Amino acid sequence: MYLRCLRNLHSYRLLSAGLCLLAFSACQREKRELRPSPTRLVVFSDAARQSDIQPGGRQSQPVVANPSHGSAYEISEGARLYDWYNCSGCHAGGGGGMGPPLIKTDWIYGGEPANIFDTIVKGRPNGMPAWGNRIPEYQVWQLVSYVRSLNNLEPTSATPARTDTIQQDTAGLRPRPTGVASSGVTK
Amino acid sequence: MHIKTAPGIAFGALSLGWLLFAQIQNQPDDGQWVMPAKNFASTRFSTLTQINTSNVKDLKLAWTFSTGLTRGHESAPLIVNDTMYIVTPWPNLLYALDLKQPGGTLKWTYSPSPSASSQGVACCDVVNRGGAYYKGRIYYNTLDMHTVAVDANTGKEVWKATLGDINRGETLTMAPLIVKGKVLVGNSGGEMGVRGWLAGLDAENGKLLWRAYATGPDKDVLIGPNFKPFYKQDQGSELGTKTWQGDQWKTGGGTGWSWISYDPELDLIYYGTANPGPWNPDQRPGDNKWTSTLFARRPDTGEAIWAYQTNPHDVHDYDDVNENILLDLTINGRLRKVLAHPDRNARMYIMDRATGELISAEPFAFENTTESVDLKTGELKLNPSKITGSKTVRDICPAAPGGKDWQPSAFSPKTGWIYLPHNNLCMEFQGTQANYIAGTPYLGAKVRMYPGPGGHRGEFSAWDPVKAKTVWSVKEMFPAWSGTVVTAGDVVFYGTMEGWFKALDARTGTLLWQFKTGSGIISQPVTYKGPDGKQYVAVLSGVGGWAGATVAGGLNAKKDGTAALGFGNAMADLPDHTTKGGMLYVFALP
Amino acid sequence: MKRVLLLSSLAVAGRAQQTAMDPAGAPARSIAHLGLFFLALLTAIYIVVITFALLPLMRRHRGIDQEPLEGNHRPSDATETRMAKRIGLATVATILILFGLITVSVSTSKATSGSPPRPDSLVVEITATQWWWSVRYANNDASRIVMAANEMHIPVGRPVMIRGTSTDVIHSFWVPNLQGKRDLIPSRTNIDWIQADRPGRYRGQCAEFCGLQHAHMALWVVAEPPDRFEEWYSRQLQPAADPADPVRQRGQQVFMDYACVLCHTIQGTQAAGQVGPDLTHLASRLTIAAGTLPNNKGNLAGWITDPQSIKPGNHMATVPIRPEDMQPLLEYLESLQ
């Protein structure tokens, strides 16, 4: 039973696994590693692939796994850092601005966790700053998880249902865009 | 649709206008276009009359030229010696087109190879607002903090000056103005915690002659014994540090990213400084001088002569950078040398340009953020319910891009009116904790913008600067984000963000002609006399800029309204109306 | 271990105290007097009630072997009337006393909270953040504004207006010796005032549960004679001096090279981050980590190396600073007087 539970943990979509699974997945969601292990404090780990072709055949191991994956705590920390380190200044709430949008289906430099990690650490030539040697690695992974959560690439059990930012207030006198005739002179 | 104006005033304005126009301009109109604003007075008025209200309907496309770039094209083509010069957005290419050849053949291309990383610190698209011609050279700025001088005949670089560091968030997007052999350049980056400045370079060799900061000690702001502001709140020493908490003036904004005008008679240049940083005003107590301020300076030394802080302790991102049109008007029976400044706060400031005294400051667009401007004391009274801070404030009109942003207006001495492309936007503002990290945005606000009353997002109006009121106004679905040009043929041209290039009757606002270009228009149209003696009208199409970021940057504003500093929310449907792509369109009568 | 740390922090603070029963200023005194009044009155009532409850036990019962009281025994009508009157009287007295207490309580609360009674008060803006306090001394002359963190100095005898808010969740400002609790709510500004009548160091504590490190969110209020306060204030106005010796110069460079510069401000340098405490005068403070540790080099080293072991879950990043960079950094931070 215990083993089955463990196996179930890896596929979060199994809703029918009963109480045991519920209890376990909830634990994993809430797990907080407040003191990052020394290995995770390394500032740079070479990781990401930029190509789908792997000569000699596909490798069985993923390049690098995201240690923050599926953790509600790490994702919420990522959300805080996203504002603190001014990611939101360029990428807004994911819609983009000075930087490209992060809510998308196409990623310029790859959407795998290791790609996003690389983008943050190394920067990209068309304007993305290189944050390597400044933001500790465990925080970069937290940001990676948050960015992926914007695209529903993190388990929904670990992502909040709403954001803390203002929601558009559509009530009251707020005028909505309407099709305005191109020309019409008013006095 | 003719406006009932007292005939006497109309005649007076007309004849006086002509007379004084020649006087202040000091540049006979030879049908060329040597600087983006046409002349030192920034009137964007052409004396050409071949195209007029009766024949403009026959205007036809003469030729086109693709810039090969897809970001926002905001610049004005220059026409000198039968050659047209086009400055593009990053990578800031300079194209020279031979107008003597049919279809404007490409003569040469100059590429300054600006740093690609500079795109990451450009707040609102990687635009460039154009170059300027002076004594056989084209001068313009590159996004990565360089000013270049290029030989107008050969396309060879004469000099390249480095003016700053993109690592501090600085960029250059403005079109320089060359006055008395000085290239005047101001930096961009008010959203990045940059310390703003305007600099004077030697046109000969690019040597930095002076740099006037917008914040900090008087010696940095170039305030000396000749500094005589008209109003009490602007008088006193060291206000550039005294009106800031601690070191905050070092990251306080006040950039000079837009237009400069020049009055040769008074020997004064006029320009405004941008918003203070960060946007969240609770984090920067004090008046934050000299941000959001109008300055009059000497072009030779940069010395400040007068200043008027239009928006002290700005709480809405109201930059003061909009153009200053220099006019000589008879107001209340007195001939006044004035400057007309349509501010972001939606008020049209008419000021005595010799002293900095206010003459009028009436709203030209819908606004609810200010209550009044006291003409005696110069004090701007804000509506307390719309003051932002570390909280959420809704229904702020105009929004951060203001009643009018950078898009330059024009003045016709024939009608005596100012032609204003402008916005009709409101916003909600949630103040958050801004964090200064050099080279990254310094905002502290989550903003969402939406159309103002009426549901349209833009307007194109004619404004009477003497009576201080709107004469006529045309509604536009999107913000009227292009510049405008008005001619002695009483035709006024501007473009819309859907891509329509329009000609209106300058007296009535009636639409006389329009042409749908390939992309939205956010650039500055010009008109010139070709080598064949015909009058041409030229405009760059290519949507982008802050307003067009949803298209040029491919933003996802439908999912996130705070995209593009909140402008995305108001422009989420722009991708449904236009696509990107830079192209020059030149029109002429058949 | 933690207890030792706390005790030592108290020892460092000298005449430190955190008690509502030893008021040091007018508002706290009114609150303490109110408490004492409640205590005295309710004690008296308690004694009266207990006395009346005990009286029947003391009274000799008449004729223990007469008829039992249970069953159909009915007291006489006279007894009934007498008892009804007494119970009625007691009820009325209770209601009156309760109303009286409410009146006294509300009027005290009105008198002690809100804006200070004198217009010449010092205005201090407190911004609570998980899990520390940002302190800003307001001034009409913006260049005379002082920023501090987790420690505020106030002049003795002068009312201090507190304008409090929060950047994240609801916190509560509470310095028991000086004032009652005042909630600090995001996007709102709540006003209160404190006053210290005698010099001393008074400990404040967040009084509204605000997350993991709520308990380690303390604030020291240092009340000083006006001249010493002015002296402190003018020192705080100065930017950090440029480091003179090579070790400290290296330390400043370390600060700018690592993540430190992303969150903290040191006036006079390019570090202007605002999400962490202002460190311009770090070395002049009594404690670090919001009252968690006494401020000394060893604790600072421990805090920078492994903040998560001292205050698990706090927002200070664990920055992997190379060993050879640590000593210069500490030297530099210790020089920020």
# chains A, B, ... in the order shown; residues from 1 in each chain; ligands from 1

call {"tool": "closest_atom_pairs", "arguments": {"of": "chain C", "to": "chain A", "cutoff": "10 Å", "atoms": "only C-alpha atoms", "output": "CSV"}}
result
residue,atom,partner,partner_atom,distance
C:Asp168,CA,A:Asp164,CA,9.8
C:Met256,CA,A:Arg134,CA,9.6
C:Asp257,CA,A:Arg134,CA,7.2
C:Tyr258,CA,A:Arg134,CA,5.2
C:Ala259,CA,A:Arg134,CA,4.7
C:Cys260,CA,A:Arg134,CA,8.4
C:Val261,CA,A:Arg134,CA,8.9
C:Leu262,CA,A:Tyr85,CA,7.1
C:Cys263,CA,A:Trp84,CA,7.8
C:Gly273,CA,A:Trp84,CA,9.2
C:Gln274,CA,A:Trp84,CA,9.0
C:Val275,CA,A:Trp84,CA,6.8
C:Gly276,CA,A:Trp84,CA,9.7
C:Asp306,CA,A:Arg35,CA,7.9
C:Pro307,CA,A:Arg35,CA,8.5
C:Gln308,CA,A:Arg35,CA,5.5
C:Ser309,CA,A:Arg35,CA,6.9
C:Lys311,CA,A:Leu34,CA,9.6
C:Pro312,CA,A:Leu34,CA,6.1
C:Gly313,CA,A:Leu34,CA,5.6
C:Asn314,CA,A:Leu34,CA,8.6
C:His315,CA,A:Glu77,CA,8.9
C:Ala317,CA,A:Pro136,CA,7.6
C:Thr318,CA,A:Pro136,CA,7.2
C:Val319,CA,A:Pro136,CA,6.0
C:Pro320,CA,A:Leu41,CA,6.1
C:Ile321,CA,A:Leu41,CA,9.9

call {"tool": "closest_atom_pairs", "arguments": {"of": "chain C", "to": "chain B", "cutoff": "10 Å", "atoms": "only C-alpha atoms", "output": "Markdown table"}}
result
| residue | atom | partner | partner_atom | distance |
| --- | --- | --- | --- | --- |
| C:Ala138 | CA | B:Pro285 | CA | 8.6 |
| C:Asn139 | CA | B:Pro285 | CA | 8.8 |
| C:Asn140 | CA | B:Gly286 | CA | 7.4 |
| C:Asp141 | CA | B:Thr243 | CA | 6.7 |
| C:Ala142 | CA | B:Gln245 | CA | 4.8 |
| C:Ser143 | CA | B:Gln245 | CA | 4.6 |
| C:Arg144 | CA | B:Gln245 | CA | 6.9 |
| C:Ile145 | CA | B:Gln245 | CA | 5.7 |
| C:Val146 | CA | B:Gly246 | CA | 7.6 |
| C:Met147 | CA | B:Gly246 | CA | 8.7 |
| C:Thr165 | CA | B:Ser390 | CA | 9.2 |
| C:Ser166 | CA | B:Ser390 | CA | 9.4 |
| C:Thr167 | CA | B:Gln433 | CA | 7.2 |
| C:Asp168 | CA | B:Thr432 | CA | 9.7 |
| C:Pro186 | CA | B:Lys391 | CA | 7.8 |
| C:Ser187 | CA | B:Lys391 | CA | 4.3 |
| C:Arg188 | CA | B:Lys391 | CA | 7.2 |
| C:Thr189 | CA | B:Ser390 | CA | 9.6 |
| C:Leu237 | CA | B:Gly246 | CA | 7.6 |
| C:Gln238 | CA | B:Gly246 | CA | 8.5 |
| C:Pro239 | CA | B:Gly246 | CA | 7.8 |
| C:Val261 | CA | B:Ile437 | CA | 7.5 |
| C:Leu262 | CA | B:Ile437 | CA | 5.6 |
| C:Cys263 | CA | B:Asn435 | CA | 7.0 |
| C:His264 | CA | B:Tyr436 | CA | 9.0 |
| C:Thr265 | CA | B:Tyr436 | CA | 8.9 |
| C:Ile266 | CA | B:Asp247 | CA | 9.4 |
| C:Gln267 | CA | B:Asp247 | CA | 6.1 |
| C:Gly268 | CA | B:Asp247 | CA | 6.7 |
| C:Thr269 | CA | B:Asp247 | CA | 8.7 |
| C:Gln270 | CA | B:Ala438 | CA | 8.2 |
| C:Ala271 | CA | B:Ile437 | CA | 7.9 |
| C:Ala272 | CA | B:Tyr436 | CA | 5.5 |
| C:Gly273 | CA | B:Tyr436 | CA | 4.7 |
| C:Gln274 | CA | B:Asn435 | CA | 4.9 |
| C:Val275 | CA | B:Asn435 | CA | 6.0 |
| C:Gly276 | CA | B:Asn435 | CA | 9.1 |

call {"tool": "interface_residues", "arguments": {"of": "chain B", "to": "chain A", "cutoff": "7 Å", "atoms": "only C-alpha atoms", "output": "PyMOL selection string"}}
result
chain B and resi 116-125+430+435+440-441+443+451-456+471-477+509-511+549+553+555-557+559-560+562-565

call {"tool": "atom_distance", "arguments": {"atom1": "CA of Thr292 in chain C", "atom2": "CA of His153 in chain C"}}
result
18.3 Å

call {"tool": "closest_residue", "arguments": {"among": "C:Lys85, C:Arg203, C:His281, C:Lys297", "to": "Gln17 in chain C", "atoms": "only C-alpha atoms"}}
result
C:Arg203

call {"tool": "residues_around", "arguments": {"residues": "Leu34 in chain C", "least_positions_apart": "3", "cutoff": "8 Å", "atoms": "only C-alpha atoms", "output": "ChimeraX atom specification"}}
result
/C:30-31,37-38,104-105,108

call {"tool": "select_by_dssp", "arguments": {"residues": "range 58-227 of chain C", "states": "strand (DSSP E)", "output": "NGL selection string"}}
result
:C and (122-129 or 132-137 or 146-149 or 151-155 or 160-166 or 171-173 or 182-184 or 190-194 or 200-205 or 218-224)

call {"tool": "write_last_selection", "arguments": {"atoms": "C-alpha atoms", "output": "PDB file, in the first residue's frame"}}
result
ATOM      1  CA  LEU C 122       7.571  64.177  16.035  1.00  0.00           C
ATOM      2  CA  VAL C 123       6.052  62.132  13.212  1.00  0.00           C
ATOM      3  CA  VAL C 124       7.412  58.640  12.677  1.00  0.00           C
ATOM      4  CA  GLU C 125       6.200  56.375   9.908  1.00  0.00           C
ATOM      5  CA  ILE C 126       6.356  52.695  10.798  1.00  0.00           C
ATOM      6  CA  THR C 127       6.048  50.166   8.002  1.00  0.00           C
ATOM      7  CA  ALA C 128       5.762  46.578   9.133  1.00  0.00           C
ATOM      8  CA  THR C 129       7.004  43.857   6.804  1.00  0.00           C
ATOM      9  CA  TRP C 132      10.894  43.524  10.570  1.00  0.00           C
ATOM     10  CA  TRP C 133      10.059  47.201  11.017  1.00  0.00           C
ATOM     11  CA  SER C 134      10.978  50.043   8.728  1.00  0.00           C
ATOM     12  CA  VAL C 135      11.124  53.397  10.518  1.00  0.00           C
ATOM     13  CA  ARG C 136      10.989  56.721   8.697  1.00  0.00           C
ATOM     14  CA  TYR C 137      11.077  60.099  10.452  1.00  0.00           C
ATOM     15  CA  VAL C 146      15.829  59.748   8.426  1.00  0.00           C
ATOM     16  CA  MET C 147      15.430  56.046   7.693  1.00  0.00           C
ATOM     17  CA  ALA C 148      16.055  53.408  10.342  1.00  0.00           C
ATOM     18  CA  ALA C 149      15.040  49.834  10.962  1.00  0.00           C
ATOM     19  CA  GLU C 151      14.939  50.597  16.305  1.00  0.00           C
ATOM     20  CA  MET C 152      13.550  54.044  16.863  1.00  0.00           C
ATOM     21  CA  HIS C 153      14.960  56.775  19.008  1.00  0.00           C
ATOM     22  CA  ILE C 154      12.598  59.299  20.528  1.00  0.00           C
ATOM     23  CA  PRO C 155      13.166  62.405  22.625  1.00  0.00           C
ATOM     24  CA  VAL C 160       5.580  61.068  18.896  1.00  0.00           C
ATOM     25  CA  MET C 161       2.933  60.504  16.298  1.00  0.00           C
ATOM     26  CA  ILE C 162       3.029  57.040  14.782  1.00  0.00           C
ATOM     27  CA  ARG C 163       1.731  56.616  11.254  1.00  0.00           C
ATOM     28  CA  GLY C 164       1.725  52.897  10.682  1.00  0.00           C
ATOM     29  CA  THR C 165       1.108  50.679   7.712  1.00  0.00           C
ATOM     30  CA  SER C 166       2.168  47.297   6.372  1.00  0.00           C
ATOM     31  CA  HIS C 171       0.840  43.342  11.825  1.00  0.00           C
ATOM     32  CA  SER C 172       0.359  45.116  15.120  1.00  0.00           C
ATOM     33  CA  PHE C 173       2.609  47.756  16.656  1.00  0.00           C
ATOM     34  CA  ARG C 182      -2.281  49.326  17.022  1.00  0.00           C
ATOM     35  CA  ASP C 183      -2.902  47.142  13.983  1.00  0.00           C
ATOM     36  CA  LEU C 184      -0.913  47.940  10.862  1.00  0.00           C
ATOM     37  CA  ASN C 190      -3.314  53.995  11.180  1.00  0.00           C
ATOM     38  CA  ILE C 191      -2.391  56.760  13.562  1.00  0.00           C
ATOM     39  CA  ASP C 192      -1.362  56.529  17.184  1.00  0.00           C
ATOM     40  CA  TRP C 193       0.962  58.345  19.529  1.00  0.00           C
ATOM     41  CA  ILE C 194       3.512  57.491  22.147  1.00  0.00           C
ATOM     42  CA  GLY C 200      15.091  54.056  28.679  1.00  0.00           C
ATOM     43  CA  ARG C 201      14.946  51.243  26.206  1.00  0.00           C
ATOM     44  CA  TYR C 202      11.529  49.823  25.619  1.00  0.00           C
ATOM     45  CA  ARG C 203      10.953  46.648  23.690  1.00  0.00           C
ATOM     46  CA  GLY C 204       8.143  46.454  21.198  1.00  0.00           C
ATOM     47  CA  GLN C 205       6.739  43.359  19.603  1.00  0.00           C
ATOM     48  CA  ALA C 218      10.702  42.968  17.758  1.00  0.00           C
ATOM     49  CA  LEU C 219      11.445  46.679  17.788  1.00  0.00           C
ATOM     50  CA  TRP C 220      13.416  48.715  20.272  1.00  0.00           C
ATOM     51  CA  VAL C 221      12.318  52.189  21.254  1.00  0.00           C
ATOM     52  CA  VAL C 222      15.170  54.148  22.746  1.00  0.00           C
ATOM     53  CA  ALA C 223      14.017  57.216  24.659  1.00  0.00           C
ATOM     54  CA  GLU C 224      16.742  59.792  25.171  1.00  0.00           C
TER      55      GLU C 224
END

call {"tool": "select_by_dssp", "arguments": {"residues": "range 51-214 of chain B", "states": "helix (DSSP H, G or I)", "output": "list in words"}}
result
Val56, Lys57, Asp58, Ala116, Ser117, Ser118, Gln119, Gly120, Val121, Ile166, Asn167 and Arg168 of chain B

call {"tool": "write_last_selection", "arguments": {"atoms": "C-alpha atoms", "output": "mmCIF file, in the first residue's frame"}}
result
data_model
loop_
_atom_site.group_PDB
_atom_site.id
_atom_site.type_symbol
_atom_site.label_atom_id
_atom_site.label_comp_id
_atom_site.auth_asym_id
_atom_site.auth_seq_id
_atom_site.Cartn_x
_atom_site.Cartn_y
_atom_site.Cartn_z
ATOM 1 C CA VAL B 56 -6.085 66.468 -51.162
ATOM 2 C CA LYS B 57 -8.771 63.933 -51.999
ATOM 3 C CA ASP B 58 -6.734 63.039 -55.105
ATOM 4 C CA ALA B 116 21.659 44.283 -28.379
ATOM 5 C CA SER B 117 21.347 44.301 -24.609
ATOM 6 C CA SER B 118 20.209 47.912 -24.710
ATOM 7 C CA GLN B 119 16.824 46.605 -25.863
ATOM 8 C CA GLY B 120 16.336 45.213 -22.365
ATOM 9 C CA VAL B 121 16.501 48.595 -20.645
ATOM 10 C CA ILE B 166 23.023 51.039 -20.191
ATOM 11 C CA ASN B 167 23.933 49.183 -16.987
ATOM 12 C CA ARG B 168 22.349 52.036 -15.095
#

call {"tool": "residues_around", "arguments": {"residues": "Gln235 in chain B", "least_positions_apart": "3", "cutoff": "12 Å", "atoms": "only C-alpha atoms", "output": "list in words"}}
result
Asp218, Ile223, Gly224, Pro225, Asn226, Phe227, Lys228, Pro229, Phe230, Tyr231, Lys232, Glu238, Leu239, Gly240, Lys289, Trp290, Ile305, Trp306, Ala307, Tyr308 and Gln309 of chain B

call {"tool": "atom_distance", "arguments": {"atom1": "CA of Leu93 in chain B", "atom2": "CA of Thr109 in chain B"}}
result
6.8 Å

call {"tool": "atom_distance", "arguments": {"atom1": "CA of Met83 in chain C", "atom2": "CA of Leu101 in chain C"}}
result
26.7 Å

call {"tool": "residues_around", "arguments": {"residues": "Glu379 in chain B", "least_positions_apart": "2", "cutoff": "12 Å", "atoms": "only C-alpha atoms", "output": "list of chain:residue names"}}
result
B:Phe230, B:Tyr231, B:Lys232, B:Gln233, B:Asp234, B:Tyr308, B:Gln309, B:Thr310, B:Asn311, B:Pro312, B:Glu357, B:Leu358, B:Ala361, B:Thr370, B:Glu371, B:Ser372, B:Val373, B:Asp374, B:Leu375, B:Lys376, B:Thr377, B:Lys381, B:Leu382

call {"tool": "decode", "arguments": {"residues": "range 529-555 of chain B", "atoms": "N, CA and C atoms", "output": "PDB file, in the first residue's frame"}}
result
ATOM      1  N   LYS B 529       9.077  69.539 -50.607  1.00  0.00           N
ATOM      2  CA  LYS B 529       9.042  69.796 -52.042  1.00  0.00           C
ATOM      3  C   LYS B 529      10.120  68.942 -52.691  1.00  0.00           C
ATOM      4  N   GLY B 530       9.721  68.065 -53.593  1.00  0.00           N
ATOM      5  CA  GLY B 530      10.669  67.168 -54.239  1.00  0.00           C
ATOM      6  C   GLY B 530      11.492  67.882 -55.287  1.00  0.00           C
ATOM      7  N   PRO B 531      12.511  67.206 -55.811  1.00  0.00           N
ATOM      8  CA  PRO B 531      13.344  67.813 -56.863  1.00  0.00           C
ATOM      9  C   PRO B 531      12.529  68.169 -58.102  1.00  0.00           C
ATOM     10  N   ASP B 532      11.389  67.475 -58.268  1.00  0.00           N
ATOM     11  CA  ASP B 532      10.539  67.768 -59.428  1.00  0.00           C
ATOM     12  C   ASP B 532       9.584  68.924 -59.161  1.00  0.00           C
ATOM     13  N   GLY B 533       9.726  69.585 -58.007  1.00  0.00           N
ATOM     14  CA  GLY B 533       8.883  70.723 -57.690  1.00  0.00           C
ATOM     15  C   GLY B 533       7.530  70.355 -57.125  1.00  0.00           C
ATOM     16  N   LYS B 534       7.258  69.061 -56.999  1.00  0.00           N
ATOM     17  CA  LYS B 534       5.963  68.655 -56.463  1.00  0.00           C
ATOM     18  C   LYS B 534       6.026  68.551 -54.942  1.00  0.00           C
ATOM     19  N   GLN B 535       4.867  68.752 -54.325  1.00  0.00           N
ATOM     20  CA  GLN B 535       4.798  68.589 -52.868  1.00  0.00           C
ATOM     21  C   GLN B 535       4.510  67.128 -52.533  1.00  0.00           C
ATOM     22  N   TYR B 536       5.297  66.589 -51.632  1.00  0.00           N
ATOM     23  CA  TYR B 536       5.112  65.213 -51.181  1.00  0.00           C
ATOM     24  C   TYR B 536       4.774  65.196 -49.696  1.00  0.00           C
ATOM     25  N   VAL B 537       4.084  64.129 -49.284  1.00  0.00           N
ATOM     26  CA  VAL B 537       3.833  63.897 -47.859  1.00  0.00           C
ATOM     27  C   VAL B 537       4.399  62.519 -47.550  1.00  0.00           C
ATOM     28  N   ALA B 538       5.226  62.432 -46.500  1.00  0.00           N
ATOM     29  CA  ALA B 538       5.848  61.150 -46.181  1.00  0.00           C
ATOM     30  C   ALA B 538       5.552  60.771 -44.742  1.00  0.00           C
ATOM     31  N   VAL B 539       5.367  59.482 -44.508  1.00  0.00           N
ATOM     32  CA  VAL B 539       5.130  59.002 -43.141  1.00  0.00           C
ATOM     33  C   VAL B 539       5.631  57.575 -43.024  1.00  0.00           C
ATOM     34  N   LEU B 540       6.176  57.257 -41.835  1.00  0.00           N
ATOM     35  CA  LEU B 540       6.576  55.890 -41.555  1.00  0.00           C
ATOM     36  C   LEU B 540       5.409  55.170 -40.889  1.00  0.00           C
ATOM     37  N   SER B 541       5.157  53.965 -41.381  1.00  0.00           N
ATOM     38  CA  SER B 541       4.164  53.117 -40.749  1.00  0.00           C
ATOM     39  C   SER B 541       4.940  52.022 -40.025  1.00  0.00           C
ATOM     40  N   GLY B 542       4.440  51.505 -38.951  1.00  0.00           N
ATOM     41  CA  GLY B 542       5.166  50.496 -38.169  1.00  0.00           C
ATOM     42  C   GLY B 542       4.812  50.676 -36.714  1.00  0.00           C
ATOM     43  N   VAL B 543       3.825  49.922 -36.252  1.00  0.00           N
ATOM     44  CA  VAL B 543       3.254  50.163 -34.929  1.00  0.00           C
ATOM     45  C   VAL B 543       4.225  49.720 -33.847  1.00  0.00           C
ATOM     46  N   GLY B 544       4.098  50.285 -32.674  1.00  0.00           N
ATOM     47  CA  GLY B 544       4.977  49.962 -31.553  1.00  0.00           C
ATOM     48  C   GLY B 544       4.914  51.074 -30.531  1.00  0.00           C
ATOM     49  N   GLY B 545       6.052  51.363 -29.897  1.00  0.00           N
ATOM     50  CA  GLY B 545       6.049  52.353 -28.837  1.00  0.00           C
ATOM     51  C   GLY B 545       5.336  51.797 -27.623  1.00  0.00           C
ATOM     52  N   TRP B 546       5.160  52.650 -26.626  1.00  0.00           N
ATOM     53  CA  TRP B 546       4.483  52.205 -25.405  1.00  0.00           C
ATOM     54  C   TRP B 546       3.071  51.738 -25.755  1.00  0.00           C
ATOM     55  N   ALA B 547       2.373  52.557 -26.568  1.00  0.00           N
ATOM     56  CA  ALA B 547       0.976  52.248 -26.877  1.00  0.00           C
ATOM     57  C   ALA B 547       0.853  50.989 -27.717  1.00  0.00           C
ATOM     58  N   GLY B 548       1.838  50.752 -28.588  1.00  0.00           N
ATOM     59  CA  GLY B 548       1.728  49.630 -29.517  1.00  0.00           C
ATOM     60  C   GLY B 548       2.504  48.407 -29.083  1.00  0.00           C
ATOM     61  N   ALA B 549       2.922  48.373 -27.811  1.00  0.00           N
ATOM     62  CA  ALA B 549       3.744  47.262 -27.339  1.00  0.00           C
ATOM     63  C   ALA B 549       3.021  45.924 -27.441  1.00  0.00           C
ATOM     64  N   THR B 550       1.692  45.951 -27.352  1.00  0.00           N
ATOM     65  CA  THR B 550       0.965  44.682 -27.428  1.00  0.00           C
ATOM     66  C   THR B 550       1.191  44.016 -28.783  1.00  0.00           C
ATOM     67  N   VAL B 551       1.451  44.832 -29.828  1.00  0.00           N
ATOM     68  CA  VAL B 551       1.740  44.250 -31.139  1.00  0.00           C
ATOM     69  C   VAL B 551       3.245  44.089 -31.329  1.00  0.00           C
ATOM     70  N   ALA B 552       4.001  45.194 -31.163  1.00  0.00           N
ATOM     71  CA  ALA B 552       5.437  45.151 -31.463  1.00  0.00           C
ATOM     72  C   ALA B 552       6.170  44.174 -30.548  1.00  0.00           C
ATOM     73  N   GLY B 553       5.754  44.068 -29.298  1.00  0.00           N
ATOM     74  CA  GLY B 553       6.427  43.173 -28.363  1.00  0.00           C
ATOM     75  C   GLY B 553       5.733  41.832 -28.225  1.00  0.00           C
ATOM     76  N   GLY B 554       4.638  41.666 -28.958  1.00  0.00           N
ATOM     77  CA  GLY B 554       3.897  40.410 -28.871  1.00  0.00           C
ATOM     78  C   GLY B 554       3.389  40.111 -27.471  1.00  0.00           C
ATOM     79  N   LEU B 555       2.921  41.121 -26.762  1.00  0.00           N
ATOM     80  CA  LEU B 555       2.543  40.946 -25.368  1.00  0.00           C
ATOM     81  C   LEU B 555       1.241  40.169 -25.233  1.00  0.00           C
TER      82      LEU B 555
END
